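Student: Contents of model29.pdb (PDB, C-alpha atoms, pLDDT in the B column) are below:
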```
ATOM      1  CA  MET A   1      94.001 108.067 135.970  1.00 40.00           C
ATOM      2  CA  ARG A   2      90.809 107.739 133.895  1.00 59.00           C
ATOM      3  CA  GLU A   3      90.603 104.911 131.431  1.00 74.00           C
ATOM      4  CA  CYS A   4      88.130 105.763 128.636  1.00 84.00           C
ATOM      5  CA  TRP A   5      86.781 102.967 126.479  1.00 77.00           C
ATOM      6  CA  ASP A   6      86.912 102.923 122.698  1.00 85.00           C
ATOM      7  CA  GLU A   7      83.888 102.383 120.500  1.00 85.00           C
ATOM      8  CA  GLY A   8      84.589  98.647 120.082  1.00 85.00           C
ATOM      9  CA  GLY A   9      84.691  98.077 123.847  1.00 86.00           C
ATOM     10  CA  LEU A  10      81.479 100.038 124.351  1.00 86.00           C
ATOM     11  CA  ARG A  11      79.794  98.067 121.557  1.00 87.00           C
ATOM     12  CA  ALA A  12      80.873  94.802 123.148  1.00 88.00           C
ATOM     13  CA  TYR A  13      79.468  96.073 126.462  1.00 87.00           C
ATOM     14  CA  LEU A  14      76.229  97.080 124.731  1.00 85.00           C
ATOM     15  CA  ASP A  15      75.939  93.603 123.115  1.00 86.00           C
ATOM     16  CA  ARG A  16      76.819  91.926 126.442  1.00 85.00           C
ATOM     17  CA  GLU A  17      79.740  90.050 124.901  1.00 88.00           C
ATOM     18  CA  LEU A  18      82.255  90.710 127.704  1.00 87.00           C
ATOM     19  CA  PRO A  19      83.040  88.758 130.881  1.00 90.00           C
ATOM     20  CA  LEU A  20      81.189  89.838 134.044  1.00 90.00           C
ATOM     21  CA  GLU A  21      84.214  91.601 135.613  1.00 90.00           C
ATOM     22  CA  GLU A  22      84.781  93.674 132.484  1.00 89.00           C
ATOM     23  CA  MET A  23      81.053  94.496 132.233  1.00 88.00           C
ATOM     24  CA  THR A  24      81.052  95.872 135.782  1.00 90.00           C
ATOM     25  CA  ARG A  25      84.237  97.906 135.166  1.00 88.00           C
ATOM     26  CA  ILE A  26      82.727  99.493 132.050  1.00 88.00           C
ATOM     27  CA  ALA A  27      79.389 100.115 133.789  1.00 89.00           C
ATOM     28  CA  VAL A  28      81.143 101.934 136.654  1.00 90.00           C
ATOM     29  CA  HIS A  29      83.264 103.955 134.229  1.00 90.00           C
ATOM     30  CA  VAL A  30      80.348 104.912 131.942  1.00 88.00           C
ATOM     31  CA  GLY A  31      78.381 106.004 135.004  1.00 88.00           C
ATOM     32  CA  GLY A  32      81.180 108.426 135.998  1.00 89.00           C
ATOM     33  CA  CYS A  33      82.565 109.617 132.633  1.00 90.00           C
ATOM     34  CA  ALA A  34      80.373 112.028 130.663  1.00 89.00           C
ATOM     35  CA  GLU A  35      82.276 111.492 127.410  1.00 89.00           C
ATOM     36  CA  CYS A  36      81.968 107.684 127.511  1.00 89.00           C
ATOM     37  CA  HIS A  37      78.340 107.984 128.653  1.00 89.00           C
ATOM     38  CA  ALA A  38      77.537 110.180 125.621  1.00 90.00           C
ATOM     39  CA  ARG A  39      79.355 107.777 123.280  1.00 90.00           C
ATOM     40  CA  TYR A  40      77.486 104.818 124.843  1.00 89.00           C
ATOM     41  CA  ASN A  41      74.122 106.600 124.371  1.00 90.00           C
ATOM     42  CA  GLU A  42      74.972 107.339 120.739  1.00 90.00           C
ATOM     43  CA  LEU A  43      75.861 103.681 120.091  1.00 89.00           C
ATOM     44  CA  ALA A  44      72.739 102.463 121.883  1.00 89.00           C
ATOM     45  CA  GLY A  45      70.612 104.856 119.774  1.00 90.00           C
ATOM     46  CA  ARG A  46      72.175 103.598 116.541  1.00 89.00           C
ATOM     47  CA  ALA A  47      71.674  99.978 117.550  1.00 87.00           C
ATOM     48  CA  ALA A  48      68.034 100.648 118.475  1.00 88.00           C
ATOM     49  CA  ARG A  49      67.372 102.386 115.121  1.00 88.00           C
ATOM     50  CA  VAL A  50      68.907  99.524 113.152  1.00 86.00           C
ATOM     51  CA  ALA A  51      67.028  96.921 115.198  1.00 85.00           C
ATOM     52  CA  SER A  52      63.722  98.731 114.628  1.00 86.00           C
ATOM     53  CA  LEU A  53      64.378  98.971 110.887  1.00 85.00           C
ATOM     54  CA  ILE A  54      65.175  95.265 110.708  1.00 84.00           C
ATOM     55  CA  GLU A  55      62.029  94.408 112.687  1.00 84.00           C
ATOM     56  CA  ALA A  56      59.965  96.626 110.378  1.00 81.00           C
ATOM     57  CA  LEU A  57      61.512  94.920 107.368  1.00 80.00           C
ATOM     58  CA  GLU A  58      60.714  91.488 108.750  1.00 78.00           C
ATOM     59  CA  ALA A  59      57.154  92.518 109.640  1.00 75.00           C
ATOM     60  CA  GLY A  60      56.598  94.095 106.213  1.00 66.00           C
ATOM     61  CA  ALA A  61      55.597  97.453 107.671  1.00 54.00           C
ATOM     62  CA  VAL A  62      58.342  99.605 106.179  1.00 51.00           C
ATOM     63  CA  THR A  63      57.844 103.320 106.658  1.00 52.00           C
ATOM     64  CA  SER A  64      60.030 106.274 105.866  1.00 51.00           C
ATOM     65  CA  ALA A  65      60.786 109.273 108.058  1.00 50.00           C
ATOM     66  CA  ALA A  66      58.129 111.224 106.139  1.00 50.00           C
ATOM     67  CA  GLY A  67      55.437 108.643 106.843  1.00 55.00           C
ATOM     68  CA  PRO A  68      54.213 105.416 105.296  1.00 56.00           C
ATOM     69  CA  LEU A  69      55.476 104.478 101.853  1.00 52.00           C
ATOM     70  CA  PRO A  70      53.167 104.886  98.868  1.00 53.00           C
ATOM     71  CA  ARG A  71      50.951 101.899  98.191  1.00 52.00           C
ATOM     72  CA  ARG A  72      52.899 100.754  95.130  1.00 50.00           C
ATOM     73  CA  TRP A  73      56.166 100.718  97.154  1.00 47.00           C
ATOM     74  CA  ALA A  74      54.541  98.946 100.103  1.00 48.00           C
ATOM     75  CA  MET A  75      53.202  96.312  97.723  1.00 49.00           C
ATOM     76  CA  GLY A  76      56.707  95.891  96.334  1.00 52.00           C
ATOM     77  CA  TRP A  77      58.119  95.315  99.806  1.00 51.00           C
ATOM     78  CA  ARG A  78      55.460  92.722 100.565  1.00 53.00           C
ATOM     79  CA  SER A  79      56.143  90.900  97.314  1.00 55.00           C
ATOM     80  CA  ILE A  80      59.882  90.959  98.087  1.00 53.00           C
ATOM     81  CA  ALA A  81      59.258  89.758 101.647  1.00 50.00           C
ATOM     82  CA  ALA A  82      57.247  86.862 100.214  1.00 56.00           C
ATOM     83  CA  ARG A  83      60.339  85.635  98.376  1.00 67.00           C
ATOM     84  CA  PRO A  84      62.831  83.954 100.711  1.00 74.00           C
ATOM     85  CA  VAL A  85      65.873  84.763  98.549  1.00 73.00           C
ATOM     86  CA  ALA A  86      65.015  88.454  98.344  1.00 70.00           C
ATOM     87  CA  THR A  87      64.399  88.513 102.097  1.00 74.00           C
ATOM     88  CA  ALA A  88      67.797  86.943 102.718  1.00 79.00           C
ATOM     89  CA  VAL A  89      69.478  89.477 100.413  1.00 77.00           C
ATOM     90  CA  LEU A  90      67.771  92.365 102.201  1.00 78.00           C
ATOM     91  CA  ALA A  91      68.766  90.963 105.594  1.00 82.00           C
ATOM     92  CA  LEU A  92      72.383  90.649 104.413  1.00 82.00           C
ATOM     93  CA  ALA A  93      72.313  94.230 103.108  1.00 84.00           C
ATOM     94  CA  ALA A  94      70.946  95.460 106.440  1.00 85.00           C
ATOM     95  CA  ALA A  95      73.633  93.514 108.316  1.00 84.00           C
ATOM     96  CA  ALA A  96      76.338  94.984 106.056  1.00 81.00           C
ATOM     97  CA  ALA A  97      74.999  98.507 106.670  1.00 79.00           C
ATOM     98  CA  LEU A  98      74.956  97.842 110.416  1.00 78.00           C
ATOM     99  CA  ALA A  99      78.526  96.544 110.324  1.00 76.00           C
ATOM    100  CA  PHE A 100      79.637  99.564 108.288  1.00 70.00           C
ATOM    101  CA  VAL A 101      78.160 101.940 110.857  1.00 71.00           C
ATOM    102  CA  LEU A 102      79.303 100.130 113.991  1.00 76.00           C
ATOM    103  CA  VAL A 103      82.721  98.673 113.096  1.00 71.00           C
ATOM    104  CA  PRO A 104      85.561 101.047 114.014  1.00 66.00           C
ATOM    105  CA  LYS A 105      88.034 102.027 111.378  1.00 64.00           C
ATOM    106  CA  HIS A 106      91.383 100.402 112.120  1.00 61.00           C
ATOM    107  CA  ILE A 107      94.606 102.111 111.200  1.00 59.00           C
ATOM    108  CA  ALA A 108      97.305  99.660 110.258  1.00 60.00           C
ATOM    109  CA  ALA A 109     100.380  99.848 112.443  1.00 61.00           C
ATOM    110  CA  PRO A 110     103.552 100.758 110.561  1.00 63.00           C
ATOM    111  CA  LYS A 111     105.757  97.814 109.724  1.00 65.00           C
ATOM    112  CA  PRO A 112     108.998  97.633 111.677  1.00 68.00           C
ATOM    113  CA  VAL A 113     112.132  98.572 109.787  1.00 62.00           C
ATOM    114  CA  VAL A 114     114.572  95.703 109.558  1.00 64.00           C
ATOM    115  CA  ALA A 115     118.214  96.668 109.867  1.00 60.00           C
ATOM    116  CA  PRO A 116     120.347  95.448 106.972  1.00 64.00           C
ATOM    117  CA  HIS A 117     122.696  92.573 107.633  1.00 64.00           C
ATOM    118  CA  VAL A 118     126.250  93.942 108.012  1.00 63.00           C
ATOM    119  CA  VAL A 119     129.174  91.638 107.261  1.00 64.00           C
ATOM    120  CA  PRO A 120     132.309  92.540 109.252  1.00 67.00           C
ATOM    121  CA  VAL A 121     135.428  93.168 107.191  1.00 64.00           C
ATOM    122  CA  ARG A 122     138.529  91.224 108.215  1.00 67.00           C
ATOM    123  CA  PRO A 123     141.678  93.308 108.584  1.00 64.00           C
ATOM    124  CA  VAL A 124     144.489  92.305 106.259  1.00 60.00           C
ATOM    125  CA  MET A 125     147.648  91.332 108.109  1.00 58.00           C
ATOM    126  CA  GLN A 126     150.937  92.137 106.408  1.00 55.00           C
ATOM    127  CA  GLN A 127     154.123  90.251 107.142  1.00 56.00           C
ATOM    128  CA  ASP A 128     157.597  91.611 106.538  1.00 55.00           C
ATOM    129  CA  ALA A 129     156.234  94.572 104.587  1.00 56.00           C
ATOM    130  CA  THR A 130     155.641  92.394 101.559  1.00 59.00           C
ATOM    131  CA  PRO A 131     152.433  93.279  99.845  1.00 58.00           C
ATOM    132  CA  THR A 132     149.822  90.597 100.091  1.00 61.00           C
ATOM    133  CA  MET A 133     146.796  90.349  98.020  1.00 66.00           C
ATOM    134  CA  GLU A 134     143.496  89.271  99.522  1.00 70.00           C
ATOM    135  CA  THR A 135     141.810  86.624  97.456  1.00 72.00           C
ATOM    136  CA  PRO A 136     138.307  87.573  96.481  1.00 71.00           C
ATOM    137  CA  GLU A 137     135.484  85.447  97.754  1.00 77.00           C
ATOM    138  CA  PRO A 138     134.140  83.144  95.099  1.00 76.00           C
ATOM    139  CA  SER A 139     131.016  84.492  93.510  1.00 75.00           C
ATOM    140  CA  PRO A 140     127.897  82.376  93.709  1.00 77.00           C
ATOM    141  CA  PRO A 141     127.431  80.105  90.717  1.00 77.00           C
ATOM    142  CA  ARG A 142     125.463  81.670  87.926  1.00 75.00           C
ATOM    143  CA  ALA A 143     122.295  80.067  86.788  1.00 76.00           C
ATOM    144  CA  LYS A 144     122.782  78.274  83.525  1.00 78.00           C
ATOM    145  CA  SER A 145     120.884  79.772  80.681  1.00 76.00           C
ATOM    146  CA  PRO A 146     118.604  77.320  78.969  1.00 78.00           C
ATOM    147  CA  LYS A 147     120.006  75.763  75.838  1.00 80.00           C
ATOM    148  CA  ARG A 148     118.552  77.155  72.721  1.00 82.00           C
ATOM    149  CA  VAL A 149     116.738  74.510  70.802  1.00 80.00           C
ATOM    150  CA  LYS A 150     117.335  74.641  67.093  1.00 80.00           C
ATOM    151  CA  PRO A 151     113.993  74.777  65.344  1.00 75.00           C
ATOM    152  CA  PRO A 152     113.368  71.721  63.197  1.00 73.00           C
ATOM    153  CA  ASP A 153     113.988  72.049  59.511  1.00 72.00           C
ATOM    154  CA  VAL A 154     110.620  72.515  57.904  1.00 72.00           C
ATOM    155  CA  GLN A 155     110.243  70.794  54.610  1.00 71.00           C
ATOM    156  CA  TYR A 156     107.536  72.229  52.481  1.00 80.00           C
ATOM    157  CA  TYR A 157     105.747  70.384  49.738  1.00 83.00           C
ATOM    158  CA  LEU A 158     106.671  71.173  46.163  1.00 85.00           C
ATOM    159  CA  ALA A 159     103.576  71.722  44.042  1.00 87.00           C
ATOM    160  CA  LEU A 160     103.456  69.626  40.881  1.00 87.00           C
ATOM    161  CA  ASP A 161     100.968  71.981  39.137  1.00 87.00           C
ATOM    162  CA  ASP A 162      99.507  75.487  39.603  1.00 85.00           C
ATOM    163  CA  GLU A 163      96.020  74.494  40.760  1.00 85.00           C
ATOM    164  CA  PRO A 164      95.137  74.895  44.478  1.00 83.00           C
ATOM    165  CA  ILE A 165      94.603  71.746  46.551  1.00 80.00           C
ATOM    166  CA  ASP A 166      91.294  71.434  48.446  1.00 80.00           C
ATOM    167  CA  THR A 167      91.709  68.013  50.002  1.00 81.00           C
ATOM    168  CA  GLY A 168      94.033  65.148  49.515  1.00 88.00           C
ATOM    169  CA  VAL A 169      95.635  62.010  50.877  1.00 91.00           C
ATOM    170  CA  VAL A 170      99.310  61.845  51.883  1.00 90.00           C
ATOM    171  CA  MET A 171     101.045  58.656  50.836  1.00 89.00           C
ATOM    172  CA  ARG A 172     104.683  57.692  51.474  1.00 89.00           C
ATOM    173  CA  VAL A 173     106.411  56.227  48.435  1.00 87.00           C
ATOM    174  CA  ALA A 174     109.937  55.006  47.626  1.00 86.00           C
ATOM    175  CA  LEU A 175     111.637  56.617  44.636  1.00 79.00           C
ATOM    176  CA  ASP A 176     112.968  54.235  41.981  1.00 78.00           C
ATOM    177  CA  GLY A 177     116.197  52.501  43.001  1.00 77.00           C
ATOM    178  CA  THR A 178     117.565  55.373  45.104  1.00 80.00           C
ATOM    179  CA  GLY A 179     116.221  54.283  48.507  1.00 80.00           C
ATOM    180  CA  VAL A 180     114.882  57.820  49.094  1.00 86.00           C
ATOM    181  CA  GLN A 181     111.368  58.085  50.418  1.00 89.00           C
ATOM    182  CA  ALA A 182     108.910  60.882  49.658  1.00 89.00           C
ATOM    183  CA  ASP A 183     105.470  62.006  50.821  1.00 90.00           C
ATOM    184  CA  VAL A 184     103.098  62.619  47.919  1.00 90.00           C
ATOM    185  CA  ILE A 185      99.714  64.364  48.190  1.00 90.00           C
ATOM    186  CA  PHE A 186      97.058  62.827  45.916  1.00 91.00           C
ATOM    187  CA  ASP A 187      93.778  64.679  45.270  1.00 90.00           C
ATOM    188  CA  ALA A 188      90.296  63.120  45.156  1.00 85.00           C
ATOM    189  CA  ASP A 189      90.796  62.171  41.484  1.00 85.00           C
ATOM    190  CA  GLY A 190      93.979  60.208  42.310  1.00 86.00           C
ATOM    191  CA  ARG A 191      96.365  62.668  40.638  1.00 88.00           C
ATOM    192  CA  PRO A 192      99.635  63.565  42.457  1.00 89.00           C
ATOM    193  CA  ARG A 193      99.511  67.259  43.392  1.00 90.00           C
ATOM    194  CA  ALA A 194     102.581  67.869  45.648  1.00 90.00           C
ATOM    195  CA  ILE A 195     105.702  66.061  46.844  1.00 88.00           C
ATOM    196  CA  ARG A 196     108.389  66.340  49.506  1.00 87.00           C
ATOM    197  CA  THR A 197     111.354  64.144  50.346  1.00 85.00           C
ATOM    198  CA  VAL A 198     111.642  62.491  53.753  1.00 83.00           C
ATOM    199  CA  LYS A 199     114.981  62.384  55.566  1.00 74.00           C
TER     200      LYS A 199
END
```
Just give me the structure of the file as structure tokens.
Tutor:
Amino acid sequence: MRECWDEGGLRAYLDRELPLEEMTRIAVHVGGCAECHARYNELAGRAARVASLIEALEAGAVTSAAGPLPRRWAMGWRSIAARPVATAVLALAAAAALAFVLVPKHIAAPKPVVAPHVVPVRPVMQQDATPTMETPEPSPPRAKSPKRVKPPDVQYYLALDDEPIDTGVVMRVALDGTGVQADVIFDADGRPRAIRTVK
């Protein structure tokens, strides 16, 4: 039986991240399996291309497949390479591109189906052919609905004239001999403008 290696295992072998026994098993298999050997060569080629691009980026000698970049672009790369933050951002972008190319796409395993909980039904025993009635199980207590709070009675001020009030001072006063208190709004001139009784 032939055991072929997936892309992740071959990448780990290529990066030398596996234990020695596993490295030798993969090396023997890749040497004898044409399919795994081709996949290994493809991964090694990709890794070499990415490594060379990163080295070129770090050295500042970025070239395209068609040849060197125009002078104005090369100057831009050098000015970016001179800035440490821009260099770090470019290195992160290159690492993300490398991870996107080399990381295998995982398919999530389907979640197991949980069987519903079945409650066994008790048989009803009848004695002397008299009908018996099974008592229903008590239902779970219902959640109490929150008590409705009665909104407070809003007492509005009664205007003492028809002019609008810009600003004023509220003063609590006692009405003559009745023991009833009232809030009175006085304007800047000291005239009472509105009143309301206080409970």
Student: Closest to Cys33 of chain A among A:Glu3, A:Glu17, A:Asp161, A:Glu134, using only C-alpha atoms?
Tutor: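 Under the stated criterion, the closest residue is A:Glu3.
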Student: If you measure from atom CA of Leu175 of chain A to atom CA of Gly190 of chain A, what distance in Å do you get, rounded to one decimal?
Tutor: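 We find that atom CA of Leu175 of chain A and atom CA of Gly190 of chain A lie 18.2 Å from each other.
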Student: I want to know what sits within 10 Å of Arg39 of chain A, based on all atoms listed in the file, with residues of the same chain fewer than 4 positions away left out; could you give that as a PyMOL selection string?
Tutor: chain A and resi 5-7+10-11+30+34-35+43-45
Student: Near Leu158 of chain A, counting all atoms listed in the file, which residues have an atom at most 8 Å away, once you skip same-chain residues fewer than 5 positions from it, shown as a ChimeraX atom specification?
Tutor: /A:194-196
Student: Please, what distance in Å, to one decimal, runs between atom CA of Ile185 of chain A and atom CA of Val169 of chain A?
Tutor: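 These atoms are spaced 5.4 Å apart.
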Student: Select, from A:Val184, A:Val149, A:Leu102, A:Ala94, the residue with the minimum atom-to-atom distance to Ser52 of chain A, counting only C-alpha atoms.
Tutor: A:Ala94
Student: What does the structure give for the distance between atom CA of Glu21 of chain A and atom CA of Leu98 of chain A, in Å to one decimal?
Tutor: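 These atoms are spaced 27.6 Å apart.
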Student: Box for segment 8-16 of chain A: with edges along x, y and z, all listed atoms inside and 5 Å added on each side, what are the centre and edge lengths in Å to one decimal, as AutoDock Vina command-line options?
Tutor:
```
--center_x 80.3 --center_y 96.0 --center_z 123.3 --size_x 18.8 --size_y 18.1 --size_z 16.4
```
Student: For the point (112.0, 66.1, 53.0) in the file's frame, write as a list in words all residues with an atom no more than 10 Å away, counting only C-alpha atoms.
Tutor: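 The requested residues, written out, are Asp153, Val154, Gln155, Tyr156, Tyr157, Val180, Gln181, Ala182, Asp183, Ile195, Arg196, Thr197, Val198 and Lys199 of chain A.
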